[in-house]
Each structure stands twice: as structure tokens, then as C-alpha cells.
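start.cif, holding mmCIF, C-alpha atoms:
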data_work
#
loop_
_atom_site.label_atom_id
_atom_site.label_comp_id
_atom_site.auth_asym_id
_atom_site.auth_seq_id
_atom_site.Cartn_x
_atom_site.Cartn_y
_atom_site.Cartn_z
CA MET A 555 122.64 30.64 43.06
CA LEU A 556 119.04 30.48 41.83
CA THR A 557 118.16 27.76 44.31
CA SER A 558 119.06 29.96 47.29
CA LYS A 559 116.24 32.44 46.64
CA PRO A 560 112.88 31.82 48.40
CA ILE A 561 110.37 31.37 45.57
CA THR A 562 107.74 33.42 47.40
CA LYS A 563 110.07 36.44 47.26
CA LEU A 564 110.43 36.36 43.48
CA VAL A 565 108.69 38.95 41.30
CA PHE A 566 108.52 37.85 37.67
CA LEU A 567 108.39 40.84 35.32
CA ASP A 568 107.63 41.37 31.65
CA ILE A 569 106.72 44.37 29.52
CA GLU A 570 105.13 44.76 26.10
CA THR A 571 105.99 47.65 23.81
CA LYS A 572 104.95 49.11 20.48
CA ALA A 573 106.36 51.62 18.05
CA LYS A 574 104.93 55.14 18.36
CA TYR A 575 104.55 55.42 14.59
CA GLU A 576 102.83 52.66 12.65
CA ASN A 577 105.03 52.84 9.55
CA PHE A 578 108.54 54.01 8.76
CA THR A 579 107.19 56.71 6.44
CA ASP A 580 105.19 58.15 9.36
CA LEU A 581 108.40 59.05 11.20
CA PRO A 582 109.57 62.68 11.15
CA ALA A 583 112.41 63.18 8.66
CA LYS A 584 115.17 63.35 11.27
CA LEU A 585 114.01 60.15 12.98
CA GLN A 586 113.92 58.43 9.59
CA MET A 587 117.53 59.43 9.02
CA LEU A 588 118.62 58.27 12.50
CA PHE A 589 116.82 54.95 12.13
CA GLN A 590 118.46 54.43 8.72
CA GLN A 591 121.87 55.07 10.26
CA GLN A 592 121.27 52.65 13.13
CA TRP A 593 120.04 49.79 10.97
CA ALA A 594 121.83 50.56 7.68
CA TRP A 595 123.55 47.16 7.51
CA LEU A 596 120.30 45.22 7.94
CA ILE A 597 118.28 47.41 5.59
CA GLU A 598 120.91 47.07 2.86
CA GLN A 599 121.17 43.31 3.42
CA ILE A 600 117.41 42.82 3.03
CA ALA A 601 117.18 45.26 0.11
CA HIS A 602 120.02 43.51 -1.74
CA ARG A 603 118.43 40.10 -1.19
CA GLU A 604 115.04 41.36 -2.35
CA TYR A 605 116.62 42.95 -5.42
CA LEU A 606 118.44 39.78 -6.41
CA ASP A 607 115.35 37.63 -5.80
CA LYS A 608 113.24 39.76 -8.09
CA LEU A 609 115.89 39.64 -10.79
CA HIS A 610 116.01 35.86 -10.52
CA ILE A 611 112.28 35.17 -10.23
CA ALA A 612 110.68 37.86 -12.35
CA LYS A 613 113.61 38.34 -14.70
CA ASP A 614 112.63 41.97 -14.73
CA LYS A 615 115.04 44.47 -13.20
CA GLU A 616 113.33 46.68 -10.66
CA GLY A 617 114.81 49.76 -9.11
CA TYR A 618 117.01 49.18 -6.09
CA GLU A 619 115.42 52.20 -4.46
CA LEU A 620 112.03 50.44 -4.41
CA CYS A 621 113.58 47.40 -2.71
CA PHE A 622 115.42 49.67 -0.27
CA ASN A 623 112.21 51.44 0.74
CA LYS A 624 110.47 48.11 1.26
CA ALA A 625 113.39 46.90 3.37
CA GLN A 626 113.18 50.02 5.56
CA ASP A 627 109.54 49.29 6.32
CA GLU A 628 110.33 45.64 7.10
CA VAL A 629 113.18 46.48 9.47
CA TYR A 630 111.11 49.19 11.13
CA LYS A 631 108.30 46.74 11.90
CA GLN A 632 110.84 44.23 13.26
CA LYS A 633 112.97 46.59 15.36
CA ALA A 634 111.23 49.86 16.20
CA HIS A 635 109.26 48.44 19.15
CA LEU A 636 112.58 47.49 20.80
CA SER A 637 113.84 51.08 20.93
CA PRO A 638 112.74 53.23 23.91
CA GLU A 639 113.34 56.33 21.78
CA LEU A 640 110.94 55.19 19.03
CA SER A 641 108.38 53.22 21.01
CA GLU A 642 106.43 53.09 24.24
CA VAL A 643 105.28 50.72 26.97
CA ILE A 644 101.78 49.34 26.42
CA CYS A 645 101.68 46.77 29.22
CA ILE A 646 103.56 45.85 32.41
CA SER A 647 102.88 42.55 34.17
CA ALA A 648 104.39 41.44 37.46
CA GLY A 649 103.62 38.05 39.00
CA MET A 650 104.44 36.26 42.24
CA ILE A 651 104.20 32.71 43.55
CA LEU A 652 102.15 32.73 46.74
CA GLU A 653 101.73 29.99 49.31
CA GLY A 654 98.25 29.32 50.68
CA GLU A 655 97.12 27.96 54.02
CA ASN A 656 97.38 24.38 52.76
CA LYS A 657 100.89 24.95 51.38
CA GLU A 658 99.37 25.05 47.90
CA LEU A 659 101.10 27.45 45.56
CA THR A 660 99.23 29.83 43.32
CA PHE A 661 100.44 32.42 40.84
CA LYS A 662 99.06 35.94 41.06
CA CYS A 663 99.69 38.64 38.53
CA ALA A 664 99.13 42.41 38.41
CA SER A 665 98.94 44.07 35.00
CA PHE A 666 98.91 47.68 33.88
CA CYS A 667 97.70 48.40 30.37
CA GLY A 668 95.79 51.09 28.55
CA GLU A 669 95.86 53.80 25.93
CA ASN A 670 98.15 56.30 27.66
CA GLU A 671 101.72 55.26 28.48
CA LYS A 672 102.23 57.85 31.21
CA GLU A 673 99.12 56.62 32.99
CA ILE A 674 100.37 53.01 32.73
CA LEU A 675 103.73 53.92 34.24
CA THR A 676 102.16 56.06 36.97
CA ALA A 677 99.70 53.33 37.93
CA PHE A 678 102.48 50.75 38.04
CA MET A 679 104.73 52.89 40.23
CA SER A 680 101.92 53.95 42.57
CA ASN A 681 100.62 50.43 43.21
CA PRO A 682 101.54 49.63 46.85
CA LYS A 683 101.85 45.92 45.98
CA SER A 684 104.40 46.55 43.25
CA PHE A 685 107.99 45.34 43.79
CA ILE A 686 109.30 48.89 43.30
CA HIS A 687 107.98 49.85 46.73
CA GLN A 688 110.69 47.96 48.57
CA LYS A 689 112.07 50.09 51.40
CA ASP A 690 115.60 48.90 50.81
CA TYR A 691 116.41 46.83 47.71
CA ALA A 692 119.88 46.09 49.12
CA ASN A 693 118.24 43.91 51.77
CA ASN A 694 116.53 41.90 49.04
CA GLU A 695 113.01 42.07 50.36
CA LYS A 696 112.03 40.85 46.90
CA TYR A 697 113.95 39.71 43.83
CA ILE A 698 113.04 40.93 40.34
CA VAL A 699 113.21 38.08 37.82
CA GLY A 700 113.10 38.38 34.05
CA TYR A 701 114.59 37.08 30.83
CA ASN A 702 117.12 39.54 29.43
CA ILE A 703 115.71 41.91 32.03
CA LYS A 704 119.07 43.69 32.44
CA GLY A 705 119.50 44.10 28.71
CA PHE A 706 115.95 45.10 27.79
CA ASP A 707 113.01 45.28 30.22
CA LEU A 708 114.53 47.36 33.02
CA PRO A 709 116.53 49.79 30.81
CA PHE A 710 113.51 50.27 28.54
CA LEU A 711 111.15 50.80 31.45
CA SER A 712 113.52 53.21 33.19
CA LYS A 713 114.08 55.31 30.06
CA ARG A 714 110.37 55.57 29.34
CA ILE A 715 109.73 56.68 32.93
CA ILE A 716 112.34 59.43 32.56
CA TYR A 717 111.20 60.42 29.04
CA ASN A 718 107.68 60.89 30.42
CA GLY A 719 108.96 63.34 33.02
CA LEU A 720 108.36 60.97 35.92
CA GLU A 721 110.68 60.31 38.85
CA LEU A 722 112.64 57.09 38.64
CA PRO A 723 112.03 54.92 41.74
CA PRO A 724 115.16 53.83 43.66
CA THR A 725 114.62 50.17 42.79
CA LEU A 726 114.99 50.99 39.08
CA ASP A 727 117.74 53.58 39.48
CA ILE A 728 120.53 51.05 38.97
CA GLY A 729 122.75 52.69 36.34
CA HIS A 730 125.32 53.71 38.96
CA LEU A 731 125.43 50.36 40.75
CA LYS A 732 128.30 47.90 40.47
CA PRO A 733 127.56 44.32 39.30
CA TRP A 734 127.79 42.92 42.83
CA GLU A 735 125.20 45.46 43.99
CA LEU A 736 122.53 44.06 41.67
CA GLY A 737 121.65 41.07 43.81
CA HIS A 738 117.96 42.01 43.75
CA ILE A 739 117.82 41.48 39.98
CA ILE A 740 117.86 37.96 38.55
CA ASP A 741 118.34 37.79 34.78
CA LEU A 742 117.63 34.19 33.82
CA LYS A 743 119.22 34.67 30.40
CA GLU A 744 122.46 35.76 32.07
CA HIS A 745 122.46 32.64 34.25
CA LEU A 746 121.89 30.37 31.25
CA LYS A 747 125.03 31.67 29.53
CA PHE A 748 127.04 29.72 32.13
CA GLY A 749 129.99 32.01 31.53
CA GLY A 750 129.67 31.71 27.76
CA MET A 751 128.65 34.24 25.15
CA ASP A 752 125.15 33.09 24.27
CA ALA A 753 121.87 31.81 25.71
CA PRO A 754 118.63 30.60 24.10
CA SER A 755 115.73 32.93 23.44
CA LEU A 756 112.89 32.67 25.96
CA GLU A 757 110.76 31.06 23.26
CA LEU A 758 113.42 28.41 22.62
CA LEU A 759 113.93 27.81 26.35
CA CYS A 760 110.20 27.32 26.92
CA THR A 761 109.93 24.97 23.95
CA THR A 762 112.90 22.94 25.24
CA LEU A 763 111.32 22.65 28.70
CA GLY A 764 107.83 21.94 27.36
CA VAL A 765 106.37 25.20 28.67
CA GLU A 766 103.61 26.86 26.65
CA THR A 767 104.45 30.46 25.74
CA ALA A 768 102.15 33.38 24.96
CA GLN A 769 103.00 32.99 21.28
CA ASP A 770 101.90 29.34 21.47
CA LYS A 771 98.70 30.09 23.35
CA PHE A 772 97.55 33.18 21.47
CA VAL A 773 99.30 32.59 18.10
CA VAL A 774 100.44 36.22 17.99
CA GLU A 775 103.96 37.59 17.58
CA PRO A 776 105.05 40.41 19.93
CA SER A 777 105.28 42.83 16.99
CA GLU A 778 101.57 42.22 16.25
CA LEU A 779 100.49 43.62 19.62
CA ALA A 780 100.58 47.13 18.16
CA GLY A 781 97.50 46.24 16.12
CA LYS A 782 95.77 44.90 19.24
CA HIS A 783 96.61 48.14 21.06
CA LYS A 784 95.27 50.24 18.18
CA ALA A 785 92.03 48.23 18.38
CA LYS A 786 91.98 48.86 22.16
CA GLU A 787 92.07 45.13 22.96
CA TYR A 788 93.71 45.80 26.30
CA ASP A 789 92.45 42.62 27.97
CA PHE A 790 94.08 40.56 25.23
CA ILE A 791 97.39 42.38 25.69
CA LYS A 792 97.21 41.87 29.46
CA SER A 793 96.55 38.15 29.03
CA TYR A 794 99.43 37.86 26.57
CA CYS A 795 101.89 39.64 28.87
CA GLU A 796 100.69 37.73 31.94
CA TRP A 797 101.14 34.42 30.18
CA ASN A 798 104.75 35.32 29.38
CA VAL A 799 105.30 36.06 33.07
CA TYR A 800 103.65 32.78 34.05
CA ALA A 801 105.76 30.84 31.52
CA LEU A 802 108.90 32.50 32.90
CA ALA A 803 107.96 31.38 36.43
CA LYS A 804 107.39 27.81 35.28
CA CYS A 805 110.78 27.76 33.53
CA TYR A 806 112.46 29.11 36.65
CA LEU A 807 110.91 26.42 38.86
CA GLN A 808 111.88 23.69 36.44
CA LEU A 809 115.47 24.93 36.12
CA ILE A 810 115.99 24.92 39.87
CA ARG A 811 114.42 21.42 40.03
CA SER A 812 111.88 22.69 42.51
CA LYS A 813 109.81 19.93 44.09
CA GLU A 814 106.78 22.16 43.53
CA TYR A 815 107.11 21.83 39.75
CA PRO A 816 105.07 21.08 37.72
CA ASN A 817 101.93 20.62 39.81
CA GLY A 818 102.51 23.15 42.55
CA VAL A 819 101.89 26.37 40.64
CA GLN A 820 98.33 26.10 39.43
CA ASN A 821 97.30 27.42 36.05
CA ASN A 822 95.64 30.38 37.69
CA LEU A 823 96.48 33.90 36.60
CA THR A 824 94.68 35.70 39.41
CA LYS A 825 94.59 39.48 39.37
CA ILE A 826 96.09 41.29 42.37
#

Turn this file's structure into C-alpha cells for me.
Amino acid sequence: MLTSKPITKLVFLDIETKAKYENFTDLPAKLQMLFQQQWAWLIEQIAHREYLDKLHIAKDKEGYELCFNKAQDEVYKQKAHLSPELSEVICISAGMILEGENKELTFKCASFCGENEKEILTAFMSNPKSFIHQKDYANNEKYIVGYNIKGFDLPFLSKRIIYNGLELPPTLDIGHLKPWELGHIIDLKEHLKFGGMDAPSLELLCTTLGVETAQDKFVVEPSELAGKHKAKEYDFIKSYCEWNVYALAKCYLQLIRSKEYPNGVQNNLTKI
């Protein structure tokens, strides 16, 4: 049960990623072929729609190949940053709710961002205040909380650590564990399925609960962060990722009907 976890032991985690290659045509030939195979159904769907639209609007038949190439680029920009084989981590943010001397709660966040992915991962794993430095995750010294964290954040992060030739820390080496051995990981999306097949997106959940998301605050889609990274706007990316972590924490507190919500966790993204 979510309510049984001490809120000061929760580590809220989020990562931001970007595609390694800016455009589909920049991919090596073999990666182009593999990407086409993976997303063939979506590329063809978009290409067919684009082709029919042009026939209807312009009344001038254009080559299907042109529409297909355009669809490839569109799908690549939508999906490539979600694949650990085609993209990389550009920011990791981890936040915790801390209780002060006067019982006042504050939210502190540590972020790791920069130009070089290997340096980001190394800095994250070497930080003594990071959740991955638990001596024994089975004893639940801390709980890792995320939204679709089992389906995306942790697998992506773990693969990128391995692909960079780094050693996977025990806390993230969970591929061999049975479901009942994953008590230190709380996937809020999984809980919100309530035994069903579906759950809202984090954006929809936040909107439903009246929580401002990073997309609301910064008016930037996750796929647009690649441009910010190219421009070396690392502080912007950190703020964006941190706000997602903060929004996740606020949703969590509201869902468990915590008496501390909404005034207990101050709007204070302090750096650790």
C-alpha cells in the first residue's frame, strides 16, 4: 500500500533523454533499416494518411515515396528518444521530501546533466547521497518512486549504464528479481491500473489533480529538449526534469490523501 511508506524515505526519480542522431537520415544505413522494421506500421499509417490528404487538398498526386520519407522523419522525432539503443540520457533528477526542525516539509532535488552521457551516469552513481548507494535494497532503506519507472526509466537507465561500459549498481540490477522482490520500487502508473489494463499518462494525471507539470510551466515538449541540449542549455533541462520530479511527488501526496498536502511541501526545488 502506498500509504504504508514513510514519505521521507521516498526518492522520486525522472530522466530526460534525446536521440543520438538529430534526423532519421543521419542514422547509419543499418540503423535506418532496423528503425523502419520496428515502426513500419506507424510509418505506413502516417505516410498513407499524408498521401491521401495531399490528394484531397491539393488534387495533385504526389509520390508515395515522398510521403513515406516524411513519415519516417516524423516517427523518428516522436519515438527515437524513447529507445536506449538510439538515444542517450541527458539528465537524471532525484528528489526527496525532507522534514525540518519545525516539522515543515521541503523538497530537495539533485540533478545530473551535461554534454557527456558517461559523465552524467558516473556522477549520478558516485554521488553518496544518491538512492543507489543503499547497502541493502531488500531492507527498503529508501523507496524509488516514478511513473512508468519499471517500464521506462529504470530499464533505460540500466541499459545506458551497461552500454557505456559501466558497472550496474545492485539497486538497479533487478532483471533477475521476482515481482515480490521489487518492494523498493514504486511505479505509480502500475498502482493506478488497479488491476486493469490501462492508466492515465503522467500529464493527464497531473491535470486531473490540478498539479502543474513541466510542460505547463516551461511550454516545452519532452522531444524538444534535444534542441535545448544542443544549445547547451543544461540549467533549463535540469529545471524541466526537476519540475517533473516535484510534480510526481505532489501527485503521490495527493493520492495517498496525505495531511501534508498541499501546503506541506513548499515550492522549493533546493539543490542537494

Using only C-alpha atoms, find each residue of stretch 667-745 of chain A with at least one atom at most 10 Å away from an atom of stretch 562-585 of chain A; report its shortest atom-to-atom pair and that distance in Å (one decimal), sort the rows by chain and rising residue number, and return the result as JSON lines.
{"residue": "A:Cys667", "atom": "CA", "partner": "A:Glu570", "partner_atom": "CA", "distance": 9.3}
{"residue": "A:Glu671", "atom": "CA", "partner": "A:Thr571", "partner_atom": "CA", "distance": 9.9}
{"residue": "A:Ser684", "atom": "CA", "partner": "A:Val565", "partner_atom": "CA", "distance": 8.9}
{"residue": "A:Phe685", "atom": "CA", "partner": "A:Val565", "partner_atom": "CA", "distance": 6.9}
{"residue": "A:Asn694", "atom": "CA", "partner": "A:Lys563", "partner_atom": "CA", "distance": 8.6}
{"residue": "A:Glu695", "atom": "CA", "partner": "A:Lys563", "partner_atom": "CA", "distance": 7.1}
{"residue": "A:Lys696", "atom": "CA", "partner": "A:Lys563", "partner_atom": "CA", "distance": 4.8}
{"residue": "A:Tyr697", "atom": "CA", "partner": "A:Leu564", "partner_atom": "CA", "distance": 4.9}
{"residue": "A:Ile698", "atom": "CA", "partner": "A:Val565", "partner_atom": "CA", "distance": 4.9}
{"residue": "A:Val699", "atom": "CA", "partner": "A:Phe566", "partner_atom": "CA", "distance": 4.7}
{"residue": "A:Gly700", "atom": "CA", "partner": "A:Leu567", "partner_atom": "CA", "distance": 5.5}
{"residue": "A:Tyr701", "atom": "CA", "partner": "A:Asp568", "partner_atom": "CA", "distance": 8.2}
{"residue": "A:Asn702", "atom": "CA", "partner": "A:Asp568", "partner_atom": "CA", "distance": 9.9}
{"residue": "A:Ile703", "atom": "CA", "partner": "A:Leu567", "partner_atom": "CA", "distance": 8.1}
{"residue": "A:Phe706", "atom": "CA", "partner": "A:Ile569", "partner_atom": "CA", "distance": 9.4}
{"residue": "A:Asp707", "atom": "CA", "partner": "A:Ile569", "partner_atom": "CA", "distance": 6.4}
{"residue": "A:Leu708", "atom": "CA", "partner": "A:Ile569", "partner_atom": "CA", "distance": 9.1}
{"residue": "A:Phe710", "atom": "CA", "partner": "A:Ile569", "partner_atom": "CA", "distance": 9.0}
{"residue": "A:Leu711", "atom": "CA", "partner": "A:Ile569", "partner_atom": "CA", "distance": 8.0}
{"residue": "A:His738", "atom": "CA", "partner": "A:Leu564", "partner_atom": "CA", "distance": 9.4}
{"residue": "A:Ile739", "atom": "CA", "partner": "A:Val565", "partner_atom": "CA", "distance": 9.6}
{"residue": "A:Ile740", "atom": "CA", "partner": "A:Leu564", "partner_atom": "CA", "distance": 9.1}

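Across A:Ala785, A:Leu726, A:Gly737, A:Asn623, the tightest approach to A:Lys559 is made by A:Gly737 when counting all atoms listed in the file.
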
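Between atom CA of A:Gln592 and atom CA of A:Pro776 the separation is 21.4 Å.
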
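Take the candidates A:Lys786, A:Pro754, A:Gly649, A:Leu746 and check each one against A:Leu802 using only C-alpha atoms; the shortest distance goes to A:Gly649.
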
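Residue nearest A:Phe678 within the list A:Leu763, A:Leu720, A:Leu807, A:Met650: A:Leu720 [criterion: smallest interatomic distance, only C-alpha atoms].
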
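Taking atom CA of A:Glu658 and atom CA of A:Ile561 as endpoints, the distance between them is 12.9 Å.
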
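Counting from atom CA of A:Ser558, the distance to atom CA of A:Lys804 is 16.9 Å.
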
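Taking all atoms listed in the file into account, A:Ser680 lies nearest to A:Glu721 out of the set A:Glu796, A:Glu642, A:Glu721, A:Asp727.
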
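Of the listed residues (A:Trp797, A:Leu758, A:Lys672, A:Glu619), A:Trp797 comes nearest to A:Lys771; the distances count all atoms listed in the file.
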
Here's the selection I'm unsure about, the PyMOL selection byres ((chain A and resi 645) around 8); applied to the file above, which residues does it give, as a PyMOL selection string? chain A and resi 569-571+643-644+646-647+665-668+674+791-792+795

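Each of A:Leu596, A:Ile716, A:Met679, A:Cys621 was checked against A:Pro638 using only C-alpha atoms; the smallest atom-to-atom distance is that of A:Ile716.
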
Find the axis-aligned box for stretch 744-756 of chain A, covering all its listed atoms and adding 4 Å on each side, and write its centre and edge lengths in Å to one decimal as AutoDock Vina command-line options.
--center_x 121.4 --center_y 32.7 --center_z 28.8 --size_x 25.1 --size_y 14.0 --size_z 18.8

Where does the PyMOL selection byres ((chain A and resi 768) around 6) land in this file, that is, which residues does it pick, as a VMD selection string? chain A and resid 767 769 to 772 794 797 to 798

When you get a chance, write out N, CA and C atoms for stretch 620-637 of chain A, as a tab-separated table (two decimals), in the coordinates of the input.
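Done, and the output landed in out_16.tsv:
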chain	number	residue	atom	x	y	z
A	620	LEU	N	113.30	51.02	-4.82
A	620	LEU	CA	112.03	50.44	-4.41
A	620	LEU	C	112.25	49.34	-3.39
A	621	CYS	N	113.25	48.48	-3.65
A	621	CYS	CA	113.58	47.40	-2.71
A	621	CYS	C	114.10	47.96	-1.39
A	622	PHE	N	114.87	49.05	-1.47
A	622	PHE	CA	115.42	49.67	-0.27
A	622	PHE	C	114.30	50.22	0.61
A	623	ASN	N	113.33	50.88	-0.02
A	623	ASN	CA	112.21	51.44	0.74
A	623	ASN	C	111.39	50.34	1.41
A	624	LYS	N	111.21	49.24	0.70
A	624	LYS	CA	110.47	48.11	1.26
A	624	LYS	C	111.23	47.50	2.44
A	625	ALA	N	112.55	47.44	2.30
A	625	ALA	CA	113.39	46.90	3.37
A	625	ALA	C	113.32	47.78	4.60
A	626	GLN	N	113.29	49.09	4.43
A	626	GLN	CA	113.18	50.02	5.56
A	626	GLN	C	111.92	49.75	6.36
A	627	ASP	N	110.80	49.57	5.65
A	627	ASP	CA	109.54	49.29	6.32
A	627	ASP	C	109.61	47.97	7.08
A	628	GLU	N	110.23	46.96	6.48
A	628	GLU	CA	110.33	45.64	7.10
A	628	GLU	C	111.17	45.70	8.38
A	629	VAL	N	112.30	46.36	8.30
A	629	VAL	CA	113.18	46.48	9.47
A	629	VAL	C	112.51	47.31	10.55
A	630	TYR	N	111.80	48.35	10.15
A	630	TYR	CA	111.11	49.19	11.13
A	630	TYR	C	110.09	48.37	11.92
A	631	LYS	N	109.32	47.54	11.23
A	631	LYS	CA	108.30	46.74	11.90
A	631	LYS	C	108.94	45.68	12.81
A	632	GLN	N	110.14	45.23	12.47
A	632	GLN	CA	110.84	44.23	13.26
A	632	GLN	C	111.53	44.84	14.49
A	633	LYS	N	112.06	46.06	14.35
A	633	LYS	CA	112.97	46.59	15.36
A	633	LYS	C	112.49	47.81	16.13
A	634	ALA	N	111.58	48.58	15.57
A	634	ALA	CA	111.23	49.86	16.20
A	634	ALA	C	110.66	49.68	17.60
A	635	HIS	N	109.89	48.61	17.83
A	635	HIS	CA	109.26	48.44	19.15
A	635	HIS	C	110.27	48.06	20.23
A	636	LEU	N	111.53	47.82	19.84
A	636	LEU	CA	112.58	47.49	20.80
A	636	LEU	C	113.37	48.71	21.24
A	637	SER	N	113.11	49.86	20.62
A	637	SER	CA	113.84	51.08	20.93
A	637	SER	C	113.01	52.00	21.83
